[in-house]
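*Asks:* Below is the file structure.pdb, which contains PDB, C-alpha atoms.
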ATOM      1  CA  MET U   1       0.000   0.000   0.000  1.00  0.00           C
ATOM      2  CA  ALA U   2       1.430   3.412  -0.954  1.00  0.00           C
ATOM      3  CA  ASP U   3       1.886   6.188   1.606  1.00  0.00           C
ATOM      4  CA  GLY U   4      -1.462   7.715   2.515  1.00  0.00           C
ATOM      5  CA  ALA U   5      -3.357   5.290   0.302  1.00  0.00           C
ATOM      6  CA  TRP U   6      -5.415   3.394   2.838  1.00  0.00           C
ATOM      7  CA  ILE U   7      -8.967   2.319   2.359  1.00  0.00           C
ATOM      8  CA  SER U   8     -11.640   3.827   4.606  1.00  0.00           C
ATOM      9  CA  ALA U   9     -15.354   3.278   4.842  1.00  0.00           C
ATOM     10  CA  GLU U  10     -15.787   6.989   5.555  1.00  0.00           C
ATOM     11  CA  THR U  11     -15.058   9.770   3.149  1.00  0.00           C
ATOM     12  CA  GLU U  12     -13.092  12.802   4.209  1.00  0.00           C
ATOM     13  CA  ASP U  13     -16.322  14.835   4.292  1.00  0.00           C
ATOM     14  CA  GLU U  14     -18.019  12.305   6.573  1.00  0.00           C
ATOM     15  CA  ILE U  15     -15.084  12.359   8.970  1.00  0.00           C
ATOM     16  CA  TYR U  16     -15.101  16.168   8.975  1.00  0.00           C
ATOM     17  CA  ASP U  17     -18.881  16.282   9.599  1.00  0.00           C
ATOM     18  CA  ARG U  18     -18.616  13.790  12.473  1.00  0.00           C
ATOM     19  CA  ALA U  19     -15.755  15.752  14.042  1.00  0.00           C
ATOM     20  CA  LEU U  20     -17.678  19.013  13.680  1.00  0.00           C
ATOM     21  CA  VAL U  21     -20.698  17.525  15.471  1.00  0.00           C
ATOM     22  CA  LEU U  22     -18.443  16.374  18.324  1.00  0.00           C
ATOM     23  CA  VAL U  23     -16.934  19.855  18.624  1.00  0.00           C
ATOM     24  CA  ARG U  24     -20.391  21.471  18.651  1.00  0.00           C
ATOM     25  CA  LYS U  25     -21.608  19.026  21.315  1.00  0.00           C
ATOM     26  CA  ALA U  26     -18.531  19.855  23.410  1.00  0.00           C
ATOM     27  CA  ASP U  27     -19.312  23.562  23.017  1.00  0.00           C
ATOM     28  CA  ILE U  28     -22.890  22.959  24.172  1.00  0.00           C
ATOM     29  CA  ARG U  29     -21.659  20.933  27.162  1.00  0.00           C
ATOM     30  CA  ASN U  30     -19.214  23.694  28.119  1.00  0.00           C
ATOM     31  CA  GLU U  31     -21.913  26.351  27.874  1.00  0.00           C
ATOM     32  CA  PHE U  32     -24.295  24.216  29.927  1.00  0.00           C
ATOM     33  CA  GLU U  33     -21.702  23.758  32.665  1.00  0.00           C
ATOM     34  CA  ARG U  34     -20.867  27.485  32.661  1.00  0.00           C
ATOM     35  CA  LEU U  35     -24.543  28.465  32.912  1.00  0.00           C
ATOM     36  CA  GLU U  36     -25.218  25.849  35.583  1.00  0.00           C
ATOM     37  CA  ARG U  37     -22.458  27.424  37.724  1.00  0.00           C
ATOM     38  CA  ASN U  38     -23.464  31.011  36.925  1.00  0.00           C
ATOM     39  CA  PRO U  39     -27.071  31.161  35.654  1.00  0.00           C
ATOM     40  CA  PRO U  40     -28.533  34.318  34.128  1.00  0.00           C
ATOM     41  CA  ASP U  41     -30.800  36.471  36.305  1.00  0.00           C
ATOM     42  CA  GLY U  42     -34.242  34.989  36.786  1.00  0.00           C
ATOM     43  CA  CYS U  43     -33.230  31.506  35.632  1.00  0.00           C
ATOM     44  CA  TYR U  44     -31.952  28.276  37.071  1.00  0.00           C
ATOM     45  CA  ILE U  45     -30.316  25.604  34.908  1.00  0.00           C
ATOM     46  CA  LYS U  46     -30.965  22.094  36.189  1.00  0.00           C
ATOM     47  CA  ALA U  47     -28.375  19.357  36.253  1.00  0.00           C
ATOM     48  CA  ASN U  48     -28.560  17.059  33.274  1.00  0.00           C
ATOM     49  CA  HIS U  49     -28.366  13.545  34.673  1.00  0.00           C
ATOM     50  CA  ASP U  50     -28.341  11.792  31.320  1.00  0.00           C
ATOM     51  CA  ASP U  51     -25.193  13.512  30.029  1.00  0.00           C
ATOM     52  CA  ASP U  52     -27.213  14.452  26.965  1.00  0.00           C
ATOM     53  CA  PHE U  53     -26.130  18.042  26.582  1.00  0.00           C
ATOM     54  CA  LEU U  54     -28.458  18.573  23.651  1.00  0.00           C
ATOM     55  CA  PHE U  55     -31.399  18.435  26.077  1.00  0.00           C
ATOM     56  CA  TRP U  56     -31.566  20.976  28.906  1.00  0.00           C
ATOM     57  CA  GLU U  57     -34.004  21.578  31.725  1.00  0.00           C
ATOM     58  CA  ALA U  58     -34.345  24.992  33.300  1.00  0.00           C
ATOM     59  CA  THR U  59     -36.563  27.064  35.527  1.00  0.00           C
ATOM     60  CA  VAL U  60     -37.500  30.632  34.661  1.00  0.00           C
ATOM     61  CA  PHE U  61     -38.884  32.920  37.341  1.00  0.00           C
ATOM     62  CA  GLY U  62     -41.612  35.390  36.390  1.00  0.00           C
ATOM     63  CA  PRO U  63     -40.226  38.948  36.318  1.00  0.00           C
ATOM     64  CA  LYS U  64     -41.414  41.462  38.904  1.00  0.00           C
ATOM     65  CA  GLY U  65     -44.080  43.822  37.636  1.00  0.00           C
ATOM     66  CA  SER U  66     -45.209  41.406  34.908  1.00  0.00           C
ATOM     67  CA  PRO U  67     -48.378  39.277  34.852  1.00  0.00           C
ATOM     68  CA  TYR U  68     -46.042  36.331  35.551  1.00  0.00           C
ATOM     69  CA  GLU U  69     -44.561  37.748  38.761  1.00  0.00           C
ATOM     70  CA  GLY U  70     -44.080  35.058  41.391  1.00  0.00           C
ATOM     71  CA  GLY U  71     -44.425  32.266  38.844  1.00  0.00           C
ATOM     72  CA  VAL U  72     -41.974  29.400  38.602  1.00  0.00           C
ATOM     73  CA  PHE U  73     -41.924  28.068  35.045  1.00  0.00           C
ATOM     74  CA  ASP U  74     -40.159  24.869  34.051  1.00  0.00           C
ATOM     75  CA  ILE U  75     -38.906  24.766  30.472  1.00  0.00           C
ATOM     76  CA  THR U  76     -36.904  22.443  28.274  1.00  0.00           C
ATOM     77  CA  LEU U  77     -34.426  23.326  25.584  1.00  0.00           C
ATOM     78  CA  LYS U  78     -33.644  20.851  22.840  1.00  0.00           C
ATOM     79  CA  CYS U  79     -30.411  21.955  21.199  1.00  0.00           C
ATOM     80  CA  LYS U  80     -29.678  20.903  17.667  1.00  0.00           C
ATOM     81  CA  GLU U  81     -26.401  19.583  16.339  1.00  0.00           C
ATOM     82  CA  GLU U  82     -26.244  22.677  14.117  1.00  0.00           C
ATOM     83  CA  ASN U  83     -25.775  24.778  17.270  1.00  0.00           C
ATOM     84  CA  PRO U  84     -24.714  27.543  17.505  1.00  0.00           C
ATOM     85  CA  PHE U  85     -26.136  28.421  14.095  1.00  0.00           C
ATOM     86  CA  VAL U  86     -29.720  27.534  14.996  1.00  0.00           C
ATOM     87  CA  TRP U  87     -31.629  28.082  18.216  1.00  0.00           C
ATOM     88  CA  PRO U  88     -32.882  25.233  20.370  1.00  0.00           C
ATOM     89  CA  ASP U  89     -36.548  24.325  20.545  1.00  0.00           C
ATOM     90  CA  VAL U  90     -37.920  25.897  23.728  1.00  0.00           C
ATOM     91  CA  THR U  91     -40.934  24.299  25.402  1.00  0.00           C
ATOM     92  CA  PHE U  92     -42.755  25.433  28.529  1.00  0.00           C
ATOM     93  CA  ILE U  93     -43.527  22.451  30.759  1.00  0.00           C
ATOM     94  CA  THR U  94     -45.453  24.667  33.176  1.00  0.00           C
ATOM     95  CA  LYS U  95     -48.711  25.933  31.686  1.00  0.00           C
ATOM     96  CA  ILE U  96     -48.510  29.605  30.790  1.00  0.00           C
ATOM     97  CA  TYR U  97     -50.927  32.118  29.304  1.00  0.00           C
ATOM     98  CA  HIS U  98     -48.804  34.022  26.785  1.00  0.00           C
ATOM     99  CA  PRO U  99     -49.544  35.267  23.258  1.00  0.00           C
ATOM    100  CA  ILE U 100     -46.525  33.668  21.596  1.00  0.00           C
ATOM    101  CA  ILE U 101     -46.728  30.236  23.182  1.00  0.00           C
ATOM    102  CA  LYS U 102     -47.934  27.908  20.467  1.00  0.00           C
ATOM    103  CA  ARG U 103     -49.917  24.735  20.821  1.00  0.00           C
ATOM    104  CA  HIS U 104     -47.941  22.071  22.690  1.00  0.00           C
ATOM    105  CA  SER U 105     -46.277  24.835  24.754  1.00  0.00           C
ATOM    106  CA  LYS U 106     -43.563  25.774  22.245  1.00  0.00           C
ATOM    107  CA  ILE U 107     -42.412  29.367  21.880  1.00  0.00           C
ATOM    108  CA  CYS U 108     -43.061  30.898  18.469  1.00  0.00           C
ATOM    109  CA  GLU U 109     -39.626  30.667  16.864  1.00  0.00           C
ATOM    110  CA  TRP U 110     -40.105  33.804  14.777  1.00  0.00           C
ATOM    111  CA  CYS U 111     -40.773  35.909  17.888  1.00  0.00           C
ATOM    112  CA  LEU U 112     -37.874  34.320  19.714  1.00  0.00           C
ATOM    113  CA  LEU U 113     -35.479  35.040  16.875  1.00  0.00           C
ATOM    114  CA  ARG U 114     -36.879  38.551  16.398  1.00  0.00           C
ATOM    115  CA  ASN U 115     -36.167  39.364  20.033  1.00  0.00           C
ATOM    116  CA  VAL U 116     -32.866  37.503  20.354  1.00  0.00           C
ATOM    117  CA  ASP U 117     -31.386  38.759  17.138  1.00  0.00           C
ATOM    118  CA  ALA U 118     -32.539  42.379  17.293  1.00  0.00           C
ATOM    119  CA  ASP U 119     -29.066  43.593  16.348  1.00  0.00           C
ATOM    120  CA  ASN U 120     -28.794  41.081  13.449  1.00  0.00           C
ATOM    121  CA  SER U 121     -25.542  39.608  14.744  1.00  0.00           C
ATOM    122  CA  GLY U 122     -26.901  36.077  14.666  1.00  0.00           C
ATOM    123  CA  PRO U 123     -27.448  33.624  17.524  1.00  0.00           C
ATOM    124  CA  TRP U 124     -23.900  32.288  17.439  1.00  0.00           C
ATOM    125  CA  HIS U 125     -22.618  35.634  18.705  1.00  0.00           C
ATOM    126  CA  LYS U 126     -24.841  35.549  21.782  1.00  0.00           C
ATOM    127  CA  GLY U 127     -24.798  32.075  23.233  1.00  0.00           C
ATOM    128  CA  ILE U 128     -27.592  30.369  25.112  1.00  0.00           C
ATOM    129  CA  ILE U 129     -27.440  33.042  27.832  1.00  0.00           C
ATOM    130  CA  ARG U 130     -29.038  35.454  25.341  1.00  0.00           C
ATOM    131  CA  LEU U 131     -31.854  32.967  24.847  1.00  0.00           C
ATOM    132  CA  PHE U 132     -32.629  33.017  28.579  1.00  0.00           C
ATOM    133  CA  GLU U 133     -32.485  36.823  28.617  1.00  0.00           C
ATOM    134  CA  THR U 134     -34.945  36.865  25.712  1.00  0.00           C
ATOM    135  CA  ILE U 135     -37.359  34.532  27.495  1.00  0.00           C
ATOM    136  CA  GLN U 136     -37.245  36.864  30.501  1.00  0.00           C
ATOM    137  CA  ASN U 137     -37.894  39.851  28.209  1.00  0.00           C
ATOM    138  CA  LEU U 138     -40.860  38.093  26.569  1.00  0.00           C
ATOM    139  CA  LEU U 139     -42.334  37.369  30.001  1.00  0.00           C
ATOM    140  CA  ASN U 140     -41.721  40.939  31.086  1.00  0.00           C
ATOM    141  CA  ASP U 141     -43.281  42.353  27.907  1.00  0.00           C
ATOM    142  CA  PRO U 142     -45.768  39.888  26.404  1.00  0.00           C
ATOM    143  CA  TYR U 143     -46.769  42.567  23.883  1.00  0.00           C
ATOM    144  CA  SER U 144     -43.350  42.694  22.212  1.00  0.00           C
ATOM    145  CA  CYS U 145     -44.324  40.419  19.328  1.00  0.00           C
ATOM    146  CA  PRO U 146     -47.910  41.343  18.442  1.00  0.00           C
ATOM    147  CA  SER U 147     -47.934  40.398  14.780  1.00  0.00           C
ATOM    148  CA  HIS U 148     -47.100  36.750  15.407  1.00  0.00           C
ATOM    149  CA  SER U 149     -49.319  35.938  18.345  1.00  0.00           C
ATOM    150  CA  THR U 150     -50.354  32.320  18.281  1.00  0.00           C
ATOM    151  CA  GLY U 151     -51.691  29.598  20.505  1.00  0.00           C
ATOM    152  CA  GLU U 152     -54.787  29.674  22.646  1.00  0.00           C
ATOM    153  CA  VAL U 153     -54.195  33.283  23.662  1.00  0.00           C
ATOM    154  CA  GLY U 154     -53.801  34.555  20.113  1.00  0.00           C
ATOM    155  CA  ASN U 155     -54.294  38.287  19.725  1.00  0.00           C
ATOM    156  CA  GLY U 156     -56.418  38.681  22.861  1.00  0.00           C
ATOM    157  CA  HIS U 157     -53.725  40.835  24.440  1.00  0.00           C
ATOM    158  CA  GLN U 158     -54.264  43.385  21.656  1.00  0.00           C
ATOM    159  CA  ILE U 159     -58.055  43.361  21.940  1.00  0.00           C
ATOM    160  CA  ASP U 160     -58.220  43.804  25.721  1.00  0.00           C
ATOM    161  CA  PRO U 161     -54.833  44.155  27.479  1.00  0.00           C
ATOM    162  CA  ASP U 162     -56.426  44.330  30.945  1.00  0.00           C
ATOM    163  CA  LEU U 163     -58.367  41.115  30.419  1.00  0.00           C
ATOM    164  CA  PHE U 164     -55.219  39.476  29.046  1.00  0.00           C
ATOM    165  CA  ALA U 165     -53.151  40.537  32.104  1.00  0.00           C
ATOM    166  CA  GLN U 166     -55.884  39.275  34.444  1.00  0.00           C
ATOM    167  CA  ALA U 167     -55.960  35.869  32.710  1.00  0.00           C
ATOM    168  CA  ALA U 168     -52.143  35.630  32.655  1.00  0.00           C
ATOM    169  CA  LYS U 169     -52.008  36.382  36.402  1.00  0.00           C
ATOM    170  CA  GLU U 170     -54.681  33.771  37.099  1.00  0.00           C
ATOM    171  CA  TRP U 171     -52.845  31.092  35.088  1.00  0.00           C
ATOM    172  CA  THR U 172     -49.594  32.037  36.830  1.00  0.00           C
ATOM    173  CA  ARG U 173     -51.272  31.690  40.226  1.00  0.00           C
ATOM    174  CA  ARG U 174     -52.933  28.402  39.298  1.00  0.00           C
ATOM    175  CA  TYR U 175     -50.160  26.628  37.384  1.00  0.00           C
ATOM    176  CA  ALA U 176     -46.885  28.309  38.327  1.00  0.00           C
ATOM    177  CA  GLN U 177     -47.491  29.041  42.014  1.00  0.00           C
ATOM    178  CA  GLU U 178     -50.170  26.892  43.668  1.00  0.00           C
ATOM    179  CA  TYR U 179     -49.450  23.802  41.584  1.00  0.00           C
ATOM    180  CA  LYS U 180     -45.727  24.123  42.290  1.00  0.00           C
ATOM    181  CA  GLN U 181     -46.449  24.417  46.022  1.00  0.00           C
ATOM    182  CA  GLN U 182     -48.596  21.265  45.855  1.00  0.00           C
ATOM    183  CA  GLN U 183     -45.817  19.410  44.027  1.00  0.00           C
ATOM    184  CA  ALA U 184     -43.252  20.479  46.624  1.00  0.00           C
ATOM    185  CA  SER U 185     -45.400  19.439  49.578  1.00  0.00           C
ATOM    186  CA  GLY U 186     -46.719  16.195  48.158  1.00  0.00           C
TER     187      GLY U 186
END
Could you take the file, read its structure, and then write that structure out as structure tokens?
*Replies:*
Amino acid sequence: MADGAWISAETEDEIYDRALVLVRKADIRNEFERLERNPPDGCYIKANHDDDFLFWEATVFGPKGSPYEGGVFDITLKCKEENPFVWPDVTFITKIYHPIIKRHSKICEWCLLRNVDADNSGPWHKGIIRLFETIQNLLNDPYSCPSHSTGEVGNGHQIDPDLFAQAAKEWTRRYAQEYKQQQASG
């Protein structure tokens, strides 16, 4: 066999792609560990017991002065191997009354990207910490993405903001406060 002329089942491109995925997964793991040690304000990153750093669990606390104040909201983030070039899927586990939460508790990706990438620098310049900051901002200002309101709430916040705030507070009390207290005590 001549120098460098060995037979491989993988092409050079396949080897490169596999290595790139491993590097991206390592980057996600490093960011997870950094955020777990030093979480952003209003958030708590939970330990990932499965060592699957593409799947995160977190808790987001409702911002003061918002209809979600006092709420404790569990969320999941499903990172993609294309990270950091695409955002993770964000799902609220705790029920929430919010205009951009789609059916099955997923955040409207367009609104998330609109708020995260307001300076057009792209998600890879921000890191996952910017995602958590954006979630906090969307809780603090549920009216920030009016043209893409979806889910059960839809555009109700535009029709009657007071009624919307009242319903959001009630859902927060019912699902993100009382229910959490029942879970903790039982």
*Asks:* Output the residue selection produced by the PyMOL selection byres ((chain U and resi 93) around 10) on the file above, formatted as JSON, numbers by chain.
*Replies:* {"U": [57, 58, 59, 73, 74, 75, 76, 90, 91, 92, 94, 95, 96, 104, 105, 106]}
*Asks:* When the PyMOL selection byres ((chain U and resi 66) around 9) is applied to the structure above, which residues does it catch, written out as number ranges by chain?
*Replies:* U: 62-65, 67-69, 139-142, 165, 169
*Asks:* Hey, can you check how far CA of Phe55 in chain U sits from CA of Lys25 in chain U?
*Replies:*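 A separation of 10.9 Å between them.
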*Asks:* Pull out every residue that the PyMOL selection byres ((chain U and resi 28) around 10) matches in the shown coordinates and put them as a list of chain:residue names.
*Replies:*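 When the PyMOL selection byres ((chain U and resi 28) around 10) is applied to the shown file, the picked residues are U:Leu22, U:Val23, U:Arg24, U:Lys25, U:Ala26, U:Asp27, U:Arg29, U:Asn30, U:Glu31, U:Phe32, U:Glu33, U:Arg34, U:Asp52, U:Phe53, U:Leu54, U:Phe55, U:Cys79, U:Lys80, U:Glu81, U:Asn83, U:Pro84, U:Gly127, U:Ile128.
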*Asks:* Could you tell me which of U:Ala19, U:Ile45, U:Leu35, U:Ile135 comes closest to His98 in chain U if we count only C-alpha atoms?
*Replies:*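 Looking only at the distances to His98 in chain U, the closest residue turns out to be U:Ile135.
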*Asks:* One number please: CA of Ala176 in chain U to CA of Gly71 in chain U, in Å, one decimal.
*Replies:* 4.7 Å
*Asks:* Have a look at U:Pro99, U:Glu12, U:Arg174, U:Glu133 and name the one nearest to Cys145 in chain U; count all atoms listed in the file.
*Replies:* U:Pro99
*Asks:* Report the distance between CA of Tyr44 in chain U and CA of Leu20 in chain U in Å, rounded to one decimal place.
*Replies:*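 Pair CA of Tyr44 in chain U / CA of Leu20 in chain U returns 28.9 Å.
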*Asks:* For Thr134 in chain U, which residue out of U:Asp41, U:Tyr97, U:Asp160, U:Tyr175 is the nearest one, using all atoms listed in the file?
*Replies:*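 Nearest to Thr134 in chain U: U:Asp41.
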*Asks:* Can you work out which one of U:Phe61, U:Trp87, U:Tyr16, U:Phe164 has the shortest atom-to-atom distance to Gly42 in chain U, counting only C-alpha atoms?
*Replies:*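 The closest residue to Gly42 in chain U is U:Phe61.
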*Asks:* Nearest to Val72 in chain U among U:Ala168, U:Cys43, U:Pro161, U:Pro88, with distances taken over all atoms listed in the file: which residue is it?
*Replies:*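 Answer, going by the shortest atom-to-atom distance: U:Cys43.
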*Asks:* Padding 6 Å on each side, edges along x, y and z: where is the centre of the box around the listed atoms of range 21-35 of chain U, and how long are its edges in Å to one decimal? Output it as lines of an AutoDock Vina configuration file.
*Replies:*
center_x = -20.7
center_y = 22.4
center_z = 24.2
size_x = 19.6
size_y = 24.1
size_z = 29.4
